Amino acid sequence: MKTFFISPKSFLEPHGGGVQWCTGEFLASIKGARFNPEVLSYQTPREPWIRLFRKILPIPFYGMISRSFKKHISDLVKNKKPKYIFLNNSESASLAPFLRNKGFQGKIIYLSHGVEITDVLNNLRLAPSCIPSKHQRPVWLGNLLKWELRIRDALDGVICVAETDLVFEDWLGAKKHLFLPRQILINEYKWNPKRHRVGVVATLNHGPNLHGLQVLGNQLKNYSKIDVRLVGGPERDGRQLASQYKGITYLGPISNHELKKEAQSWCAFINPIFCYARGVSTKV
């Protein structure tokens, strides 16, 4: 069966954070299910007038996918007639109504990294500094929710990385949904833990991550011997956390090789998340 896999180009990079890992896992699962997808990627338009429009009059998903790429997809669908189209993450999922308007009759499956609006709400509640002020406006929130509903109306199904997301998809009206557990690949290494040393790997300008680390940092004053080794970026946020909380040692955004060596010394790996956050790295 002819199959398309559509994704932002940056999500397909071999190295990166949770977004890249999740994309790789989805692609591996689709291939493992004996599909042979044609991977179609795009880059977010950077023309000044589009960036200016998004800043002055922000509309969810507007200008994230170029007109030329939409025409390219429309032509491919017409000529190759795929049976399935997999849309990776919410940005790509915004293509679903466009594809239906172009008359596509095949199956459109959304590969969800989490519901977009959940993290907007989490950020508003827990760490509003992590999102632009334009995304805190009522009109943005209302339009985003309407887009979430419109997208589900054009989909045939949603694949989720957490059971919690199935509830959100029911709420948004998804016709069908499936929970696909994370893939855990065993990569053993020599473990030589140091007493009281634990590790965290996180994107530090992600609201739920930042909030979790702040909650953890406030508790460290009661456990003076614990050393939390923090890996991730941006560096500005990491250095601020280390200066604010005595028990946090910031290591920066280090390489996979450096991380493997560092993690050998950890007694435990912790993932301080205290809300239903979006993103595959929050589902550890």
# chains A, B, ... in the order shown; residues from 1 in each chain; ligands from 1
>>> closest_atom_pairs(of="range 178-214 of chain A", to="range 257-267 of chain A", cutoff="9 Å", atoms="only C-alpha atoms", output="Markdown table")
| residue | atom | partner | partner_atom | distance |
| --- | --- | --- | --- | --- |
| A:Tyr189 | CA | A:Gln264 | CA | 7.4 |
| A:Lys190 | CA | A:Gln264 | CA | 6.5 |
| A:Trp191 | CA | A:Gln264 | CA | 4.7 |
| A:Asn192 | CA | A:Ser265 | CA | 5.2 |
| A:Pro193 | CA | A:Ser265 | CA | 4.0 |
| A:Lys194 | CA | A:Ser265 | CA | 5.3 |
| A:Arg195 | CA | A:Cys267 | CA | 6.6 |
| A:His196 | CA | A:Cys267 | CA | 6.9 |
| A:Arg197 | CA | A:Trp266 | CA | 5.3 |
| A:Val198 | CA | A:Trp266 | CA | 4.8 |
| A:Gly199 | CA | A:Trp266 | CA | 6.0 |
>>> write_last_selection(atoms="C-alpha atoms", output="PDB file, in the first residue's frame")
ATOM      1  CA  TYR A 189      26.913  -0.012  30.454  1.00  0.00           C
ATOM      2  CA  LYS A 190      29.098  -0.325  33.492  1.00  0.00           C
ATOM      3  CA  TRP A 191      27.263   1.227  36.430  1.00  0.00           C
ATOM      4  CA  ASN A 192      29.392   2.801  39.136  1.00  0.00           C
ATOM      5  CA  PRO A 193      27.005   4.962  41.203  1.00  0.00           C
ATOM      6  CA  LYS A 194      28.215   7.605  43.602  1.00  0.00           C
ATOM      7  CA  ARG A 195      26.289   8.002  46.807  1.00  0.00           C
ATOM      8  CA  HIS A 196      23.649  10.788  46.855  1.00  0.00           C
ATOM      9  CA  ARG A 197      24.153  11.586  43.145  1.00  0.00           C
ATOM     10  CA  VAL A 198      21.066  11.548  40.878  1.00  0.00           C
ATOM     11  CA  GLY A 199      20.498  12.791  37.333  1.00  0.00           C
TER      12      GLY A 199
END
>>> closest_atom_pairs(of="range 79-190 of chain A", to="range 11-33 of chain A", cutoff="12 Å", atoms="only C-alpha atoms", output="JSON lines")
{"residue": "A:Tyr84", "atom": "CA", "partner": "A:Ile30", "partner_atom": "CA", "distance": 11.0}
{"residue": "A:Ile85", "atom": "CA", "partner": "A:Ile30", "partner_atom": "CA", "distance": 11.2}
{"residue": "A:Phe86", "atom": "CA", "partner": "A:Ile30", "partner_atom": "CA", "distance": 9.1}
{"residue": "A:Leu87", "atom": "CA", "partner": "A:Phe26", "partner_atom": "CA", "distance": 10.4}
{"residue": "A:Asn88", "atom": "CA", "partner": "A:Thr23", "partner_atom": "CA", "distance": 7.0}
{"residue": "A:Asn89", "atom": "CA", "partner": "A:Thr23", "partner_atom": "CA", "distance": 8.3}
{"residue": "A:Ser90", "atom": "CA", "partner": "A:Val19", "partner_atom": "CA", "distance": 11.5}
{"residue": "A:Glu91", "atom": "CA", "partner": "A:Phe11", "partner_atom": "CA", "distance": 11.2}
{"residue": "A:Ser92", "atom": "CA", "partner": "A:Phe11", "partner_atom": "CA", "distance": 11.0}
{"residue": "A:Ile109", "atom": "CA", "partner": "A:Ile30", "partner_atom": "CA", "distance": 11.2}
{"residue": "A:Tyr110", "atom": "CA", "partner": "A:Phe26", "partner_atom": "CA", "distance": 10.7}
{"residue": "A:Leu111", "atom": "CA", "partner": "A:Phe26", "partner_atom": "CA", "distance": 7.3}
{"residue": "A:Ser112", "atom": "CA", "partner": "A:Cys22", "partner_atom": "CA", "distance": 9.2}
{"residue": "A:His113", "atom": "CA", "partner": "A:Cys22", "partner_atom": "CA", "distance": 7.1}
{"residue": "A:Gly114", "atom": "CA", "partner": "A:Val19", "partner_atom": "CA", "distance": 10.6}
{"residue": "A:Ile159", "atom": "CA", "partner": "A:Phe26", "partner_atom": "CA", "distance": 9.1}
{"residue": "A:Cys160", "atom": "CA", "partner": "A:Phe26", "partner_atom": "CA", "distance": 9.9}
{"residue": "A:Val161", "atom": "CA", "partner": "A:Cys22", "partner_atom": "CA", "distance": 8.5}
{"residue": "A:Ala162", "atom": "CA", "partner": "A:Cys22", "partner_atom": "CA", "distance": 11.8}
{"residue": "A:Phe179", "atom": "CA", "partner": "A:Phe26", "partner_atom": "CA", "distance": 11.8}
{"residue": "A:Leu180", "atom": "CA", "partner": "A:Phe26", "partner_atom": "CA", "distance": 8.9}
{"residue": "A:Pro181", "atom": "CA", "partner": "A:Glu25", "partner_atom": "CA", "distance": 9.9}
{"residue": "A:Arg182", "atom": "CA", "partner": "A:Glu25", "partner_atom": "CA", "distance": 7.7}
{"residue": "A:Gln183", "atom": "CA", "partner": "A:Glu25", "partner_atom": "CA", "distance": 6.9}
{"residue": "A:Ile184", "atom": "CA", "partner": "A:Glu25", "partner_atom": "CA", "distance": 9.9}
{"residue": "A:Leu185", "atom": "CA", "partner": "A:Glu25", "partner_atom": "CA", "distance": 10.8}
>>> select_by_dssp(residues="range 31-269 of chain A", states="alpha helix (DSSP H)", output="number ranges by chain")
A: 31-32, 48-56, 67-80, 89-93, 96-101, 116-126, 138-154, 163-172, 207-220, 235-244, 256-263
>>> closest_residue(among="A:Ile6, A:Ile108, A:Ala93, A:Ile248", to="Gln214 in chain A", atoms="only C-alpha atoms")
A:Ile248
>>> select_by_dssp(residues="range 54-241 of chain A", states="strand (DSSP E)", output="PyMOL selection string")
chain A and resi 84-88+107-111+157-160+177-179+197-201+227-231
>>> residues_around(residues="Val200 in chain A", least_positions_apart="5", cutoff="10 Å", atoms="only C-alpha atoms", output="PyMOL selection string")
chain A and resi 213+228-232+248+250+263+266+268-272
>>> residues_around(residues="Gly217 in chain A", least_positions_apart="3", cutoff="10 Å", atoms="only C-alpha atoms", output="ChimeraX atom specification")
/A:211-214,220-222,228,241-242,244-248
>>> residues_around(residues="Trp147 in chain A", least_positions_apart="2", cutoff="12 Å", atoms="only C-alpha atoms", output="list of chain:residue names")
A:Ile59, A:Pro60, A:Phe61, A:Tyr62, A:Ser90, A:Glu91, A:Ala93, A:Ser94, A:Leu95, A:Ala96, A:Pro97, A:Val115, A:Glu116, A:Ile117, A:Trp140, A:Leu141, A:Gly142, A:Asn143, A:Leu144, A:Leu145, A:Leu149, A:Arg150, A:Ile151, A:Arg152, A:Asp153, A:Ala154, A:Leu172
>>> closest_residue(among="A:Lys80, A:Pro253, A:Thr44, A:Arg51", to="Ser66 in chain A", atoms="only C-alpha atoms")
A:Thr44
>>> atom_distance(atom1="CA of Ala174 in chain A", atom2="CA of Glu148 in chain A")
9.9 Å
>>> closest_residue(among="A:Arg236, A:Arg125, A:Lys102, A:Arg46", to="Ser74 in chain A", atoms="only C-alpha atoms")
A:Lys102
>>> atom_distance(atom1="CA of Asp165 in chain A", atom2="CA of Tyr276 in chain A")
8.6 Å
>>> closest_residue(among="A:Met64, A:Val77, A:Arg239, A:Pro58", to="Ser133 in chain A", atoms="only C-alpha atoms")
A:Pro58
>>> atom_distance(atom1="CA of Val158 in chain A", atom2="CA of Lys175 in chain A")
8.2 Å
>>> decode(residues="range 251-270 of chain A", atoms="N, CA, C and O atoms", output="PDB file, in the first residue's frame")
ATOM      1  N   LEU A 251      25.236  20.767  34.235  1.00  0.00           N
ATOM      2  CA  LEU A 251      26.300  20.239  33.375  1.00  0.00           C
ATOM      3  C   LEU A 251      26.227  20.756  31.939  1.00  0.00           C
ATOM      4  O   LEU A 251      27.160  20.569  31.167  1.00  0.00           O
ATOM      5  N   GLY A 252      25.091  21.354  31.573  1.00  0.00           N
ATOM      6  CA  GLY A 252      24.956  21.869  30.219  1.00  0.00           C
ATOM      7  C   GLY A 252      24.347  20.856  29.271  1.00  0.00           C
ATOM      8  O   GLY A 252      24.001  19.739  29.653  1.00  0.00           O
ATOM      9  N   PRO A 253      24.223  21.209  27.995  1.00  0.00           N
ATOM     10  CA  PRO A 253      23.747  20.273  26.967  1.00  0.00           C
ATOM     11  C   PRO A 253      24.928  19.444  26.443  1.00  0.00           C
ATOM     12  O   PRO A 253      25.623  19.852  25.512  1.00  0.00           O
ATOM     13  N   ILE A 254      25.201  18.310  27.043  1.00  0.00           N
ATOM     14  CA  ILE A 254      26.389  17.522  26.722  1.00  0.00           C
ATOM     15  C   ILE A 254      26.077  16.479  25.645  1.00  0.00           C
ATOM     16  O   ILE A 254      24.916  16.198  25.340  1.00  0.00           O
ATOM     17  N   SER A 255      27.106  15.879  25.076  1.00  0.00           N
ATOM     18  CA  SER A 255      26.947  14.894  24.014  1.00  0.00           C
ATOM     19  C   SER A 255      26.444  13.561  24.570  1.00  0.00           C
ATOM     20  O   SER A 255      26.506  13.315  25.782  1.00  0.00           O
ATOM     21  N   ASN A 256      25.957  12.684  23.683  1.00  0.00           N
ATOM     22  CA  ASN A 256      25.495  11.354  24.110  1.00  0.00           C
ATOM     23  C   ASN A 256      26.623  10.575  24.781  1.00  0.00           C
ATOM     24  O   ASN A 256      26.412   9.869  25.771  1.00  0.00           O
ATOM     25  N   HIS A 257      27.836  10.680  24.233  1.00  0.00           N
ATOM     26  CA  HIS A 257      28.990   9.976  24.805  1.00  0.00           C
ATOM     27  C   HIS A 257      29.281  10.493  26.219  1.00  0.00           C
ATOM     28  O   HIS A 257      29.503   9.702  27.151  1.00  0.00           O
ATOM     29  N   GLU A 258      29.256  11.815  26.378  1.00  0.00           N
ATOM     30  CA  GLU A 258      29.507  12.412  27.699  1.00  0.00           C
ATOM     31  C   GLU A 258      28.399  12.053  28.680  1.00  0.00           C
ATOM     32  O   GLU A 258      28.654  11.793  29.861  1.00  0.00           O
ATOM     33  N   LEU A 259      27.142  12.009  28.171  1.00  0.00           N
ATOM     34  CA  LEU A 259      26.016  11.675  29.035  1.00  0.00           C
ATOM     35  C   LEU A 259      26.118  10.232  29.534  1.00  0.00           C
ATOM     36  O   LEU A 259      25.851   9.949  30.704  1.00  0.00           O
ATOM     37  N   LYS A 260      26.501   9.323  28.645  1.00  0.00           N
ATOM     38  CA  LYS A 260      26.629   7.916  29.044  1.00  0.00           C
ATOM     39  C   LYS A 260      27.675   7.766  30.153  1.00  0.00           C
ATOM     40  O   LYS A 260      27.452   7.053  31.143  1.00  0.00           O
ATOM     41  N   LYS A 261      28.786   8.464  30.012  1.00  0.00           N
ATOM     42  CA  LYS A 261      29.834   8.411  31.020  1.00  0.00           C
ATOM     43  C   LYS A 261      29.356   9.027  32.331  1.00  0.00           C
ATOM     44  O   LYS A 261      29.607   8.490  33.423  1.00  0.00           O
ATOM     45  N   GLU A 262      28.663  10.147  32.245  1.00  0.00           N
ATOM     46  CA  GLU A 262      28.148  10.828  33.434  1.00  0.00           C
ATOM     47  C   GLU A 262      27.101   9.974  34.146  1.00  0.00           C
ATOM     48  O   GLU A 262      27.108   9.849  35.374  1.00  0.00           O
ATOM     49  N   ALA A 263      26.188   9.357  33.365  1.00  0.00           N
ATOM     50  CA  ALA A 263      25.089   8.587  33.955  1.00  0.00           C
ATOM     51  C   ALA A 263      25.571   7.344  34.693  1.00  0.00           C
ATOM     52  O   ALA A 263      24.849   6.826  35.551  1.00  0.00           O
ATOM     53  N   GLN A 264      26.753   6.876  34.384  1.00  0.00           N
ATOM     54  CA  GLN A 264      27.309   5.731  35.106  1.00  0.00           C
ATOM     55  C   GLN A 264      27.478   6.026  36.595  1.00  0.00           C
ATOM     56  O   GLN A 264      27.511   5.110  37.418  1.00  0.00           O
ATOM     57  N   SER A 265      27.562   7.305  36.941  1.00  0.00           N
ATOM     58  CA  SER A 265      27.798   7.684  38.340  1.00  0.00           C
ATOM     59  C   SER A 265      26.509   7.992  39.096  1.00  0.00           C
ATOM     60  O   SER A 265      26.557   8.315  40.281  1.00  0.00           O
ATOM     61  N   TRP A 266      25.345   7.900  38.427  1.00  0.00           N
ATOM     62  CA  TRP A 266      24.090   8.258  39.075  1.00  0.00           C
ATOM     63  C   TRP A 266      23.511   7.080  39.858  1.00  0.00           C
ATOM     64  O   TRP A 266      23.491   5.948  39.375  1.00  0.00           O
ATOM     65  N   CYS A 267      22.989   7.371  41.048  1.00  0.00           N
ATOM     66  CA  CYS A 267      22.234   6.364  41.801  1.00  0.00           C
ATOM     67  C   CYS A 267      20.850   6.161  41.195  1.00  0.00           C
ATOM     68  O   CYS A 267      20.275   5.082  41.298  1.00  0.00           O
ATOM     69  N   ALA A 268      20.318   7.213  40.613  1.00  0.00           N
ATOM     70  CA  ALA A 268      18.963   7.145  40.057  1.00  0.00           C
ATOM     71  C   ALA A 268      18.807   8.195  38.980  1.00  0.00           C
ATOM     72  O   ALA A 268      19.509   9.216  38.962  1.00  0.00           O
ATOM     73  N   PHE A 269      17.895   7.915  38.062  1.00  0.00           N
ATOM     74  CA  PHE A 269      17.475   8.893  37.059  1.00  0.00           C
ATOM     75  C   PHE A 269      16.075   9.338  37.436  1.00  0.00           C
ATOM     76  O   PHE A 269      15.192   8.504  37.657  1.00  0.00           O
ATOM     77  N   ILE A 270      15.854  10.638  37.548  1.00  0.00           N
ATOM     78  CA  ILE A 270      14.539  11.137  37.943  1.00  0.00           C
ATOM     79  C   ILE A 270      13.968  12.039  36.859  1.00  0.00           C
ATOM     80  O   ILE A 270      14.703  12.675  36.100  1.00  0.00           O
TER      81      ILE A 270
END
